[in-house]
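Please read the structure below before turning to the comments.
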Amino acid sequence: MENEGVRVALCAFSSLGISIYSVILSDFSYYEIFVLAFFVTVSSVLSYALCGLYEERESSKRLVALCTLAFMAAFAIKGIELFTLNVSIIFSYGLTLYASKNVSSTKGAALGAILGICQKIVFAPVFAIASLISGFLWKFSVFLAVMSAFTVSIGYGLFTSGYEAIVYLVPELLLTTLIMYPVLRFEALPRPRLSASSSDSVTVNEILSKRNADEVKTSFLRVSDSLMEISKLLYDFGTHEKSISIESRYDSCLEICESNCYSCPKRSICWDRDSITTKENIDKLSVASYYNKSVSKTDIDEKFLHRCPNIDTIIEKINIKCKEEEDGLLKNDKMEISGMDYENISKLLSKESKKLCEEYSLDAQLTDRVRRACDSVGLIYEKIGVYGDSKKRIVATGVDIESSKCTSSVLSAELEKALGRRISPPIIEGDSPLSVMVAESANKYAVESARLSGKTEKDEQNGDTVSTFLSCDNKFYMLICDGMGSGKEASNTSKMCAEFLKKLLFHHPDKEVSISMANNFLRNKRVECSSSVDLLEIDLADGRSSFIKSGAAPSYVKRGEKVFKLFSKTAPIGIMKKPDAEQLDFNLQENDIVIMISDGICQGDEDDGWLTSALSSADCESIDTLPSMILSRSRQRGLSADDKSVCVCAVRSAVA
């Protein structure tokens, strides 16, 4: 910032030089010497004051600058008369009343005292008293305030100057009172913005900077928490995958023993006459191989050791098998690699940063509409702006609660009309006229959901996993993962895939990156596996929705009696290097119902005619029974032996 002292000195010396020239020409008259001192002082004060006139926050320099400018204007028009009325008095008294109402009574009194000096020194307190008296009465009545100020001013003038006050003040003050009453009553002049803030006020940029910094910190902490949870998930699952079960060790030991006993002359003794001892010793070998990763002759009974002619070969083969299994796990296990998927993590953080920038960008069109809405209901403010993309934020500074005419409910209604969406009740912080108002868009919709999943009779575990959840930024998700195949491996795959996606999407709703990371996760598993993914995302703020389908069955949207089918010909994730997923975007409306199914419900696309017909005629006022109805009818048809899952959600209007 430039040196303020340099500016003041330059103006003082310039005024001094010009004034000295006038003093010399006038032969050093006292009047010109007074003019020299006056203008050197005024120019210095005005220069210093103007240094802070355009600062973002108010300082004492701004008030001094405004008072100095007003004094110069009143002094310049002093002596000018209009129909025998002193224009300077009318200007000074009117400006004093205006400042008293729109700034403060004390500041108006200070301004009135300064302006009164331009008239007669004896009348200087008249304007100050008028400001103080009216300052107590503005909140009750404008008429009462201006009439009280007029009465007290004339009374003080008569007390100090008698008849001279009547001649010099009454006509001008009466005319000014008649003019200023309608001006102040109907607020024909706007509230001065330069005096609407103070050193304690904050600007829109300051508010947004603080909120932006807080949300950046919170957002990246959420991403970090998400990655930490996934890392733990991968570690736990990887540890489980690395461990060989004791049942598996027993099967290996039994297989090796049986292969060596096939041609052994003592086979009948071991397996027919004394099979109990044989099985007990095989158990001992399996336990030793499980805990010690190898076996020796000391791990079996002495009697069995001397009886078995192939014991050395059996022990050697068991040790070789243990080493091969342990080496294979270390070489083939890739679970921990997907935990450090740097490319996807980089995308995640990059998109998060871009999202935050969008959320704090100014929406000029909506700002203009909101500004007109606030003006129409009588909200008095200094600055206002609408920020954000999916979530809108209205921030206004310099809000004068006392002078504003609107109620909170009326203001909320107008803001909702301007934005075209619901908003939360405006929150006003700080003391008027330095208050800050913040209002944020609220959810337009709410969601009801129901789900049901059943396994096939031949399998012990269900290969489908169904999940519904709400993310941290109020987006609703519905998810069906169908592990390819059946049984335990398919069940584990679908559960891990669903849990993986849920943890990512809860903190950071980026579907593309989440699906990509889940695909890498499945591809890096030791056992080859894949899973279909059927994912629905609903933005509760405006109803914008999208499906992500990767090898998933068709989905249906019921709107009244009409049923729309959404499908995609894609492959499950975990098969290809890049996921073969397709996104289908659409806008949901109130009372729409979305039905997602696994491929066990219908036998291909040609078999879903019954489902479309059933959905079209179904009474969906309550969706609780809809999944069981679909599942029951699918089982009655008996065309598919696969696991069957149904997930349903209904879009409702959010409760205010």
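Quick note on naming: the chains in the structure tokens go A, B, ... in the order shown, residues restart at 1 in each chain, and ligands are numbered from 1 in order of appearance.
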message: Can you tell me which residues surround Val648 in chain A at a distance of at most 6 Å, considering only C-alpha atoms, apart from same-chain residues fewer than 2 positions away, and format the answer as a VMD selection string?
response: chain A and resid 449 to 450 594 to 595
Test item: residues at most 10 Å from Asp312 in chain A, only C-alpha atoms, excluding those fewer than 6 positions along its chain, as a ChimeraX atom specification: /A:296-297,305
With C-alpha atoms kept, could you save the residues just selected as an mmCIF file, in the first residue's frame?
```cif
data_model
loop_
_atom_site.group_PDB
_atom_site.id
_atom_site.type_symbol
_atom_site.label_atom_id
_atom_site.label_comp_id
_atom_site.auth_asym_id
_atom_site.auth_seq_id
_atom_site.Cartn_x
_atom_site.Cartn_y
_atom_site.Cartn_z
ATOM 1 C CA SER A 296 8.927 -84.127 10.783
ATOM 2 C CA LYS A 297 9.026 -87.659 12.205
ATOM 3 C CA LEU A 305 6.464 -94.413 12.302
#
```
- request: Would you mind listing what lies within 6 Å of Val395 in chain A as a ChimeraX atom specification, with only C-alpha atoms counted and same-chain residues fewer than 4 positions away left out?
  value: /A:384-385,437-438
Same residues, C-alpha atoms, output as a CSV table (one decimal), in the first residue's frame:
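The resulting result.csv:
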```
chain,number,residue,atom,x,y,z
A,384,ILE,CA,-25.4,-10.4,-2.0
A,385,GLY,CA,-24.3,-13.4,-4.1
A,437,MET,CA,-27.3,-13.7,6.1
A,438,VAL,CA,-26.6,-17.2,4.8
```
- prompt: What lies within 8 Å of Leu615 in chain A using only C-alpha atoms, ignoring chain neighbours under 3 positions off, as number ranges by chain?
  reply: A: 558, 563, 611-612, 618
query: Which residues come within 9 Å of range 174-189 of chain A, counting only C-alpha atoms, excluding same-chain residues fewer than 4 positions away, as number ranges by chain?
result: A: 89-91, 93-94, 97-98, 101, 141-143, 146-147, 149-150, 169-170
Extract, using only C-alpha atoms, all DNA, RNA and protein residues at most 12 Å from Asp251 in chain A, discarding same-chain residues fewer than 5 positions from it, and format them as an mmCIF file with N, CA and C atoms, in the first residue's frame.
```
data_model
loop_
_atom_site.group_PDB
_atom_site.id
_atom_site.type_symbol
_atom_site.label_atom_id
_atom_site.label_comp_id
_atom_site.auth_asym_id
_atom_site.auth_seq_id
_atom_site.Cartn_x
_atom_site.Cartn_y
_atom_site.Cartn_z
ATOM 1 N N ILE A 244 -3.896 -70.332 4.905
ATOM 2 C CA ILE A 244 -4.405 -71.636 4.464
ATOM 3 C C ILE A 244 -5.138 -72.281 5.636
ATOM 4 N N SER A 245 -6.358 -72.700 5.409
ATOM 5 C CA SER A 245 -7.156 -73.273 6.492
ATOM 6 C C SER A 245 -6.615 -74.642 6.895
ATOM 7 N N ILE A 246 -6.908 -75.048 8.119
ATOM 8 C CA ILE A 246 -6.471 -76.350 8.613
ATOM 9 C C ILE A 246 -7.180 -77.485 7.881
ATOM 10 N N ILE A 256 -1.849 -87.029 -0.046
ATOM 11 C CA ILE A 256 -0.473 -87.532 -0.188
ATOM 12 C C ILE A 256 -0.349 -88.929 0.424
ATOM 13 N N CYS A 257 -0.942 -89.124 1.603
ATOM 14 C CA CYS A 257 -0.876 -90.435 2.257
ATOM 15 C C CYS A 257 -1.574 -91.509 1.419
ATOM 16 N N GLU A 258 -2.740 -91.192 0.890
ATOM 17 C CA GLU A 258 -3.487 -92.171 0.099
ATOM 18 C C GLU A 258 -2.742 -92.529 -1.182
ATOM 19 N N LYS A 279 -5.758 -92.387 10.892
ATOM 20 C CA LYS A 279 -6.400 -91.073 10.767
ATOM 21 C C LYS A 279 -5.903 -90.107 11.840
ATOM 22 N N ILE A 282 -2.605 -88.828 10.619
ATOM 23 C CA ILE A 282 -2.786 -87.858 9.525
ATOM 24 C C ILE A 282 -3.231 -86.513 10.092
ATOM 25 N N ASP A 283 -4.085 -86.552 11.122
ATOM 26 C CA ASP A 283 -4.495 -85.315 11.792
ATOM 27 C C ASP A 283 -3.293 -84.598 12.391
ATOM 28 N N LEU A 285 -0.199 -84.778 11.410
ATOM 29 C CA LEU A 285 0.605 -84.205 10.325
ATOM 30 C C LEU A 285 -0.014 -82.902 9.803
ATOM 31 N N SER A 286 -1.328 -82.888 9.662
ATOM 32 C CA SER A 286 -2.001 -81.680 9.146
ATOM 33 C C SER A 286 -1.882 -80.521 10.136
ATOM 34 N N VAL A 287 -2.019 -80.817 11.440
ATOM 35 C CA VAL A 287 -1.879 -79.763 12.458
ATOM 36 C C VAL A 287 -0.458 -79.205 12.454
ATOM 37 N N SER A 289 1.698 -79.216 9.948
ATOM 38 C CA SER A 289 1.928 -78.458 8.706
ATOM 39 C C SER A 289 1.221 -77.108 8.736
ATOM 40 N N TYR A 290 0.082 -77.036 9.445
ATOM 41 C CA TYR A 290 -0.671 -75.772 9.530
ATOM 42 C C TYR A 290 0.054 -74.753 10.404
ATOM 43 N N ILE A 318 4.814 -83.765 1.846
ATOM 44 C CA ILE A 318 4.014 -82.781 2.600
ATOM 45 C C ILE A 318 4.787 -81.473 2.750
ATOM 46 N N LYS A 321 4.739 -79.625 -0.540
ATOM 47 C CA LYS A 321 3.412 -79.046 -0.769
ATOM 48 C C LYS A 321 3.218 -77.777 0.053
#
```
task: Excluding Gly543 in chain A and any residue of its chain fewer than 3 positions from it, enumerate the residues within 10 Å of it, using only C-alpha atoms, and give them as number ranges by chain.
output: A: 443-446, 475, 537-540, 546, 586-590, 651
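Residue nearest Asp592 in chain A within the list A:Leu111, A:Val447, A:Cys308, A:Ala490: A:Val447 [criterion: smallest interatomic distance, only C-alpha atoms].
Proximity ranking of A:Ser435, A:Thr313, A:Ser161, A:Ser632 relative to Thr397 in chain A places A:Ser435 first, based on only C-alpha atoms.
Among the candidate residues A:Leu144, A:Ile20, A:Leu366, A:Cys118, the one lying nearest to Lys417 in chain A is A:Leu366, with distances computed using only C-alpha atoms.
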Residues flagged alpha helix (DSSP H) by DSSP in range 427-655 of chain A, as number ranges by chain: A: 487-507, 511-523, 609-617, 626-637
message: Here is a test: counting only C-alpha atoms, which residue of A:Ile573, A:Val436, A:Leu411, A:Leu566 is nearest to Asp482 in chain A?
response: A:Ile573
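CA of Glu402 in chain A to CA of Ile129 in chain A spans 22.9 Å [interatomic distance, one decimal].
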